[in-house]
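Dumped structure-v4.pdb below, it's PDB, C-alpha atoms, pLDDT in the B column:
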```
MODEL        1
ATOM      1  CA  MET A   1    -238.991-117.070 151.754  1.00 65.00           C
ATOM      2  CA  CYS A   2    -238.921-120.343 153.636  1.00 68.00           C
ATOM      3  CA  ALA A   3    -238.072-121.045 157.247  1.00 69.00           C
ATOM      4  CA  HIS A   4    -235.881-124.048 156.498  1.00 69.00           C
ATOM      5  CA  GLU A   5    -233.958-123.074 153.340  1.00 75.00           C
ATOM      6  CA  GLY A   6    -230.270-122.201 153.551  1.00 74.00           C
ATOM      7  CA  LYS A   7    -227.585-122.095 156.200  1.00 83.00           C
ATOM      8  CA  ASP A   8    -228.229-120.950 159.766  1.00 80.00           C
ATOM      9  CA  LEU A   9    -227.101-117.463 160.707  1.00 83.00           C
ATOM     10  CA  GLU A  10    -224.267-117.701 163.237  1.00 85.00           C
ATOM     11  CA  ASP A  11    -225.004-114.446 165.102  1.00 86.00           C
ATOM     12  CA  VAL A  12    -228.737-113.753 165.254  1.00 89.00           C
ATOM     13  CA  THR A  13    -228.374-110.602 167.375  1.00 92.00           C
ATOM     14  CA  MET A  14    -227.704-108.287 164.422  1.00 93.00           C
ATOM     15  CA  TYR A  15    -230.625-109.761 162.481  1.00 92.00           C
ATOM     16  CA  ARG A  16    -233.000-109.199 165.393  1.00 93.00           C
ATOM     17  CA  GLN A  17    -231.769-105.634 165.933  1.00 95.00           C
ATOM     18  CA  LEU A  18    -232.148-104.751 162.251  1.00 95.00           C
ATOM     19  CA  VAL A  19    -235.622-106.241 161.958  1.00 95.00           C
ATOM     20  CA  GLY A  20    -236.658-104.493 165.184  1.00 95.00           C
ATOM     21  CA  SER A  21    -235.444-101.178 163.781  1.00 95.00           C
ATOM     22  CA  LEU A  22    -237.296-101.806 160.526  1.00 96.00           C
ATOM     23  CA  ILE A  23    -240.496-102.601 162.440  1.00 95.00           C
ATOM     24  CA  TYR A  24    -240.181 -99.211 164.127  1.00 94.00           C
ATOM     25  CA  LEU A  25    -239.564 -97.574 160.751  1.00 93.00           C
ATOM     26  CA  THR A  26    -242.765 -99.018 159.252  1.00 90.00           C
ATOM     27  CA  GLN A  27    -244.741 -96.432 161.238  1.00 88.00           C
ATOM     28  CA  THR A  28    -243.621 -93.804 158.746  1.00 84.00           C
ATOM     29  CA  ARG A  29    -242.791 -96.042 155.774  1.00 86.00           C
ATOM     30  CA  PRO A  30    -245.865 -98.143 154.903  1.00 82.00           C
ATOM     31  CA  ASN A  31    -244.221 -99.269 151.660  1.00 86.00           C
ATOM     32  CA  ILE A  32    -241.925-101.645 153.590  1.00 91.00           C
ATOM     33  CA  SER A  33    -244.553-103.009 156.005  1.00 89.00           C
ATOM     34  CA  PHE A  34    -245.218-106.267 154.185  1.00 88.00           C
ATOM     35  CA  ALA A  35    -241.551-107.136 153.590  1.00 92.00           C
ATOM     36  CA  VAL A  36    -240.623-106.343 157.201  1.00 95.00           C
ATOM     37  CA  GLY A  37    -243.566-108.394 158.455  1.00 91.00           C
ATOM     38  CA  VAL A  38    -242.377-111.394 156.480  1.00 90.00           C
ATOM     39  CA  MET A  39    -238.818-111.018 157.782  1.00 93.00           C
ATOM     40  CA  SER A  40    -240.054-110.758 161.374  1.00 92.00           C
ATOM     41  CA  ARG A  41    -241.479-114.283 161.076  1.00 89.00           C
ATOM     42  CA  TYR A  42    -237.938-115.673 161.111  1.00 90.00           C
ATOM     43  CA  MET A  43    -236.656-113.956 164.292  1.00 90.00           C
ATOM     44  CA  HIS A  44    -236.355-117.221 166.221  1.00 89.00           C
ATOM     45  CA  LYS A  45    -234.020-118.965 163.735  1.00 89.00           C
ATOM     46  CA  PRO A  46    -232.931-116.730 160.843  1.00 91.00           C
ATOM     47  CA  LYS A  47    -230.940-118.030 157.906  1.00 90.00           C
ATOM     48  CA  LYS A  48    -228.252-116.251 155.890  1.00 92.00           C
ATOM     49  CA  ARG A  49    -230.765-115.675 153.100  1.00 91.00           C
ATOM     50  CA  HIS A  50    -233.060-113.843 155.525  1.00 92.00           C
ATOM     51  CA  MET A  51    -230.209-111.499 156.494  1.00 93.00           C
ATOM     52  CA  GLU A  52    -229.561-110.793 152.807  1.00 94.00           C
ATOM     53  CA  VAL A  53    -233.201-109.786 152.359  1.00 93.00           C
ATOM     54  CA  VAL A  54    -233.070-107.510 155.427  1.00 95.00           C
ATOM     55  CA  ARG A  55    -229.986-105.822 153.982  1.00 96.00           C
ATOM     56  CA  ARG A  56    -231.814-105.395 150.695  1.00 97.00           C
ATOM     57  CA  ILE A  57    -234.695-103.678 152.514  1.00 97.00           C
ATOM     58  CA  LEU A  58    -232.164-101.366 154.176  1.00 96.00           C
ATOM     59  CA  ARG A  59    -230.640-100.500 150.784  1.00 97.00           C
ATOM     60  CA  TYR A  60    -234.134 -99.695 149.491  1.00 96.00           C
ATOM     61  CA  VAL A  61    -234.821 -97.426 152.467  1.00 95.00           C
ATOM     62  CA  LYS A  62    -231.492 -95.668 151.930  1.00 95.00           C
ATOM     63  CA  SER A  63    -232.195 -95.090 148.235  1.00 96.00           C
ATOM     64  CA  THR A  64    -235.695 -93.690 148.911  1.00 93.00           C
ATOM     65  CA  ILE A  65    -234.861 -91.578 151.976  1.00 91.00           C
ATOM     66  CA  SER A  66    -235.911 -88.333 150.273  1.00 90.00           C
ATOM     67  CA  TYR A  67    -239.356 -89.608 149.276  1.00 83.00           C
ATOM     68  CA  GLY A  68    -242.341 -88.219 151.140  1.00 77.00           C
ATOM     69  CA  LEU A  69    -245.990 -87.243 151.045  1.00 72.00           C
ATOM     70  CA  VAL A  70    -247.113 -83.654 150.701  1.00 75.00           C
ATOM     71  CA  TYR A  71    -250.657 -82.401 151.284  1.00 76.00           C
ATOM     72  CA  LYS A  72    -251.169 -78.870 150.009  1.00 78.00           C
ATOM     73  CA  LYS A  73    -253.873 -76.588 151.309  1.00 82.00           C
ATOM     74  CA  GLY A  74    -256.603 -75.708 148.848  1.00 79.00           C
ATOM     75  CA  GLU A  75    -256.191 -78.664 146.491  1.00 79.00           C
ATOM     76  CA  GLU A  76    -259.059 -80.994 145.743  1.00 84.00           C
ATOM     77  CA  TYR A  77    -258.486 -84.509 147.020  1.00 87.00           C
ATOM     78  CA  LYS A  78    -260.158 -87.711 145.914  1.00 91.00           C
ATOM     79  CA  LEU A  79    -260.426 -90.765 148.182  1.00 92.00           C
ATOM     80  CA  VAL A  80    -259.315 -93.945 146.367  1.00 94.00           C
ATOM     81  CA  SER A  81    -258.848 -97.471 147.687  1.00 94.00           C
ATOM     82  CA  TYR A  82    -257.141-100.599 146.391  1.00 94.00           C
ATOM     83  CA  CYS A  83    -257.238-104.202 147.561  1.00 93.00           C
ATOM     84  CA  ASP A  84    -255.269-107.287 146.576  1.00 88.00           C
ATOM     85  CA  SER A  85    -254.941-110.865 147.769  1.00 87.00           C
ATOM     86  CA  ASP A  86    -252.677-113.865 147.351  1.00 84.00           C
ATOM     87  CA  TYR A  87    -254.095-117.365 147.776  1.00 84.00           C
ATOM     88  CA  ALA A  88    -251.796-119.675 149.815  1.00 80.00           C
ATOM     89  CA  GLY A  89    -248.692-117.659 148.969  1.00 76.00           C
ATOM     90  CA  ASP A  90    -246.796-118.349 152.200  1.00 74.00           C
ATOM     91  CA  HIS A  91    -244.488-121.297 151.505  1.00 74.00           C
ATOM     92  CA  ASP A  92    -244.239-122.315 155.165  1.00 76.00           C
ATOM     93  CA  THR A  93    -247.873-122.180 156.304  1.00 77.00           C
ATOM     94  CA  ARG A  94    -249.802-121.945 153.007  1.00 79.00           C
ATOM     95  CA  HIS A  95    -251.687-118.950 154.445  1.00 78.00           C
ATOM     96  CA  SER A  96    -253.201-116.366 152.157  1.00 83.00           C
ATOM     97  CA  THR A  97    -252.349-112.675 152.259  1.00 79.00           C
ATOM     98  CA  THR A  98    -254.688-109.738 151.773  1.00 83.00           C
ATOM     99  CA  GLY A  99    -253.725-106.100 151.600  1.00 84.00           C
ATOM    100  CA  PHE A 100    -255.392-102.752 151.112  1.00 86.00           C
ATOM    101  CA  VAL A 101    -254.516 -99.090 150.859  1.00 87.00           C
ATOM    102  CA  PHE A 102    -256.659 -95.960 151.113  1.00 90.00           C
ATOM    103  CA  LYS A 103    -255.280 -92.871 149.441  1.00 88.00           C
ATOM    104  CA  LEU A 104    -256.303 -89.255 149.784  1.00 86.00           C
ATOM    105  CA  GLY A 105    -254.921 -87.478 146.757  1.00 82.00           C
ATOM    106  CA  ALA A 106    -251.429 -88.860 146.209  1.00 76.00           C
ATOM    107  CA  GLY A 107    -250.783 -89.888 149.814  1.00 79.00           C
ATOM    108  CA  ALA A 108    -251.680 -93.071 151.652  1.00 79.00           C
ATOM    109  CA  ILE A 109    -253.764 -92.533 154.792  1.00 81.00           C
ATOM    110  CA  SER A 110    -254.433 -96.164 155.758  1.00 80.00           C
ATOM    111  CA  TRP A 111    -252.914 -99.470 154.741  1.00 77.00           C
TER
ENDMDL
END
```

If you convert what's in this file into structure tokens, what do you get?
Amino acid sequence: MCAHEGKDLEDVTMYRQLVGSLIYLTQTRPNISFAVGVMSRYMHKPKKRHMEVVRRILRYVKSTISYGLVYKKGEEYKLVSYCDSDYAGDHDTRHSTTGFVFKLGAGAISW
């Protein structure tokens, strides 16, 4: 994603509303947090390509609506963590990105 690629979006209101709703949704859907964070960078002047990506995120959420985490009483859980980084991956600012996730059993508890 780049801030200056593509045609300007004529009506930015819908873009801002959708991204705002997705930001709210990230509280229960950590799997979309990174993508929504990237899309929120373009709130001031979104392009048509940015709106296409937001719609793609919405289609993903719709197709995974029945997914969830279940913690069952009496099972043995193991704490596992993962970390990853990307050196200068942001095309606009050349900033690096680092991410992590802590899992207890099959469910994420921190990310």

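Closest approach to A:Leu9 among A:His44, A:Arg29, A:Lys78, A:His95 is made by A:His44 (distances from all atoms listed in the file).
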
Target residues per the PyMOL selection byres ((chain A and resi 61) around 12), formatted as a ChimeraX atom specification | /A:21-22,25-26,28-33,35-36,54-60,62-68

Could you write those residues out with C-alpha atoms, as a PDB file, in the coordinates of the input?
```pdb
ATOM      1  CA  SER A  21    -235.444-101.178 163.781  1.00 95.00           C
ATOM      2  CA  LEU A  22    -237.296-101.806 160.526  1.00 96.00           C
ATOM      3  CA  LEU A  25    -239.564 -97.574 160.751  1.00 93.00           C
ATOM      4  CA  THR A  26    -242.765 -99.018 159.252  1.00 90.00           C
ATOM      5  CA  THR A  28    -243.621 -93.804 158.746  1.00 84.00           C
ATOM      6  CA  ARG A  29    -242.791 -96.042 155.774  1.00 86.00           C
ATOM      7  CA  PRO A  30    -245.865 -98.143 154.903  1.00 82.00           C
ATOM      8  CA  ASN A  31    -244.221 -99.269 151.660  1.00 86.00           C
ATOM      9  CA  ILE A  32    -241.925-101.645 153.590  1.00 91.00           C
ATOM     10  CA  SER A  33    -244.553-103.009 156.005  1.00 89.00           C
ATOM     11  CA  ALA A  35    -241.551-107.136 153.590  1.00 92.00           C
ATOM     12  CA  VAL A  36    -240.623-106.343 157.201  1.00 95.00           C
ATOM     13  CA  VAL A  54    -233.070-107.510 155.427  1.00 95.00           C
ATOM     14  CA  ARG A  55    -229.986-105.822 153.982  1.00 96.00           C
ATOM     15  CA  ARG A  56    -231.814-105.395 150.695  1.00 97.00           C
ATOM     16  CA  ILE A  57    -234.695-103.678 152.514  1.00 97.00           C
ATOM     17  CA  LEU A  58    -232.164-101.366 154.176  1.00 96.00           C
ATOM     18  CA  ARG A  59    -230.640-100.500 150.784  1.00 97.00           C
ATOM     19  CA  TYR A  60    -234.134 -99.695 149.491  1.00 96.00           C
ATOM     20  CA  LYS A  62    -231.492 -95.668 151.930  1.00 95.00           C
ATOM     21  CA  SER A  63    -232.195 -95.090 148.235  1.00 96.00           C
ATOM     22  CA  THR A  64    -235.695 -93.690 148.911  1.00 93.00           C
ATOM     23  CA  ILE A  65    -234.861 -91.578 151.976  1.00 91.00           C
ATOM     24  CA  SER A  66    -235.911 -88.333 150.273  1.00 90.00           C
ATOM     25  CA  TYR A  67    -239.356 -89.608 149.276  1.00 83.00           C
ATOM     26  CA  GLY A  68    -242.341 -88.219 151.140  1.00 77.00           C
TER      27      GLY A  68
END
```

Tell me which protein, DNA and RNA residues are within 10 Å of A:Lys7, counting all atoms listed in the file, leaving out same-chain ones fewer than 2 positions away, and put them as an MDAnalysis selection string.
-> chainID A and resid 4:5 9:10 46:50

Exactly which residues make up the result of the PyMOL selection byres ((chain A and resi 101) around 8) on this file, given as a PyMOL selection string?
-> chain A and resi 81-83+99-100+102-103+108-111

Between A:Ser96, A:Met14, A:Val53, A:Gly6, smallest distance to A:Asp84 by all atoms listed in the file belongs to A:Ser96

May I ask for the distance between atom CA of A:Asp90 and atom CA of A:Thr13, given in Å to one decimal place?
->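 Straight-line distance from atom CA of A:Asp90 to atom CA of A:Thr13 works out to 25.1 Å.
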
Do you have the atom CA of A:Ala106-atom CA of A:Glu76 distance handy?
-> 11.0 Å

At most 6 Å from (-255.1, -113.4, 146.2), file frame, all atoms listed in the file: which residues, as a list in words?
->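 Applying the cut-off with all atoms listed in the file, one gets Ser85, Asp86 and Tyr87 of chain A.
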
Pick from A:Arg94, A:Tyr15, A:Gly105, A:Leu79, whichever lies nearest to A:Lys45 using all atoms listed in the file |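 Result for the nearest residue to A:Lys45: A:Tyr15.
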
For stretch 9-12 of chain A, what centre and edge lengths in Å (one decimal) does the axis-aligned box get once 3 Å is added on each side of all its listed atoms, as AutoDock Vina command-line options?
```
--center_x -226.5 --center_y -115.7 --center_z 163.0 --size_x 10.5 --size_y 9.9 --size_z 10.5
```

One decimal place gives the atom CA of A:Met51-atom CA of A:Asp8 separation as 10.2 Å

Just so the selection is clear, what residues does the PyMOL selection byres ((chain A and resi 72) around 12) cover here, as a count of residues only?
-> 12
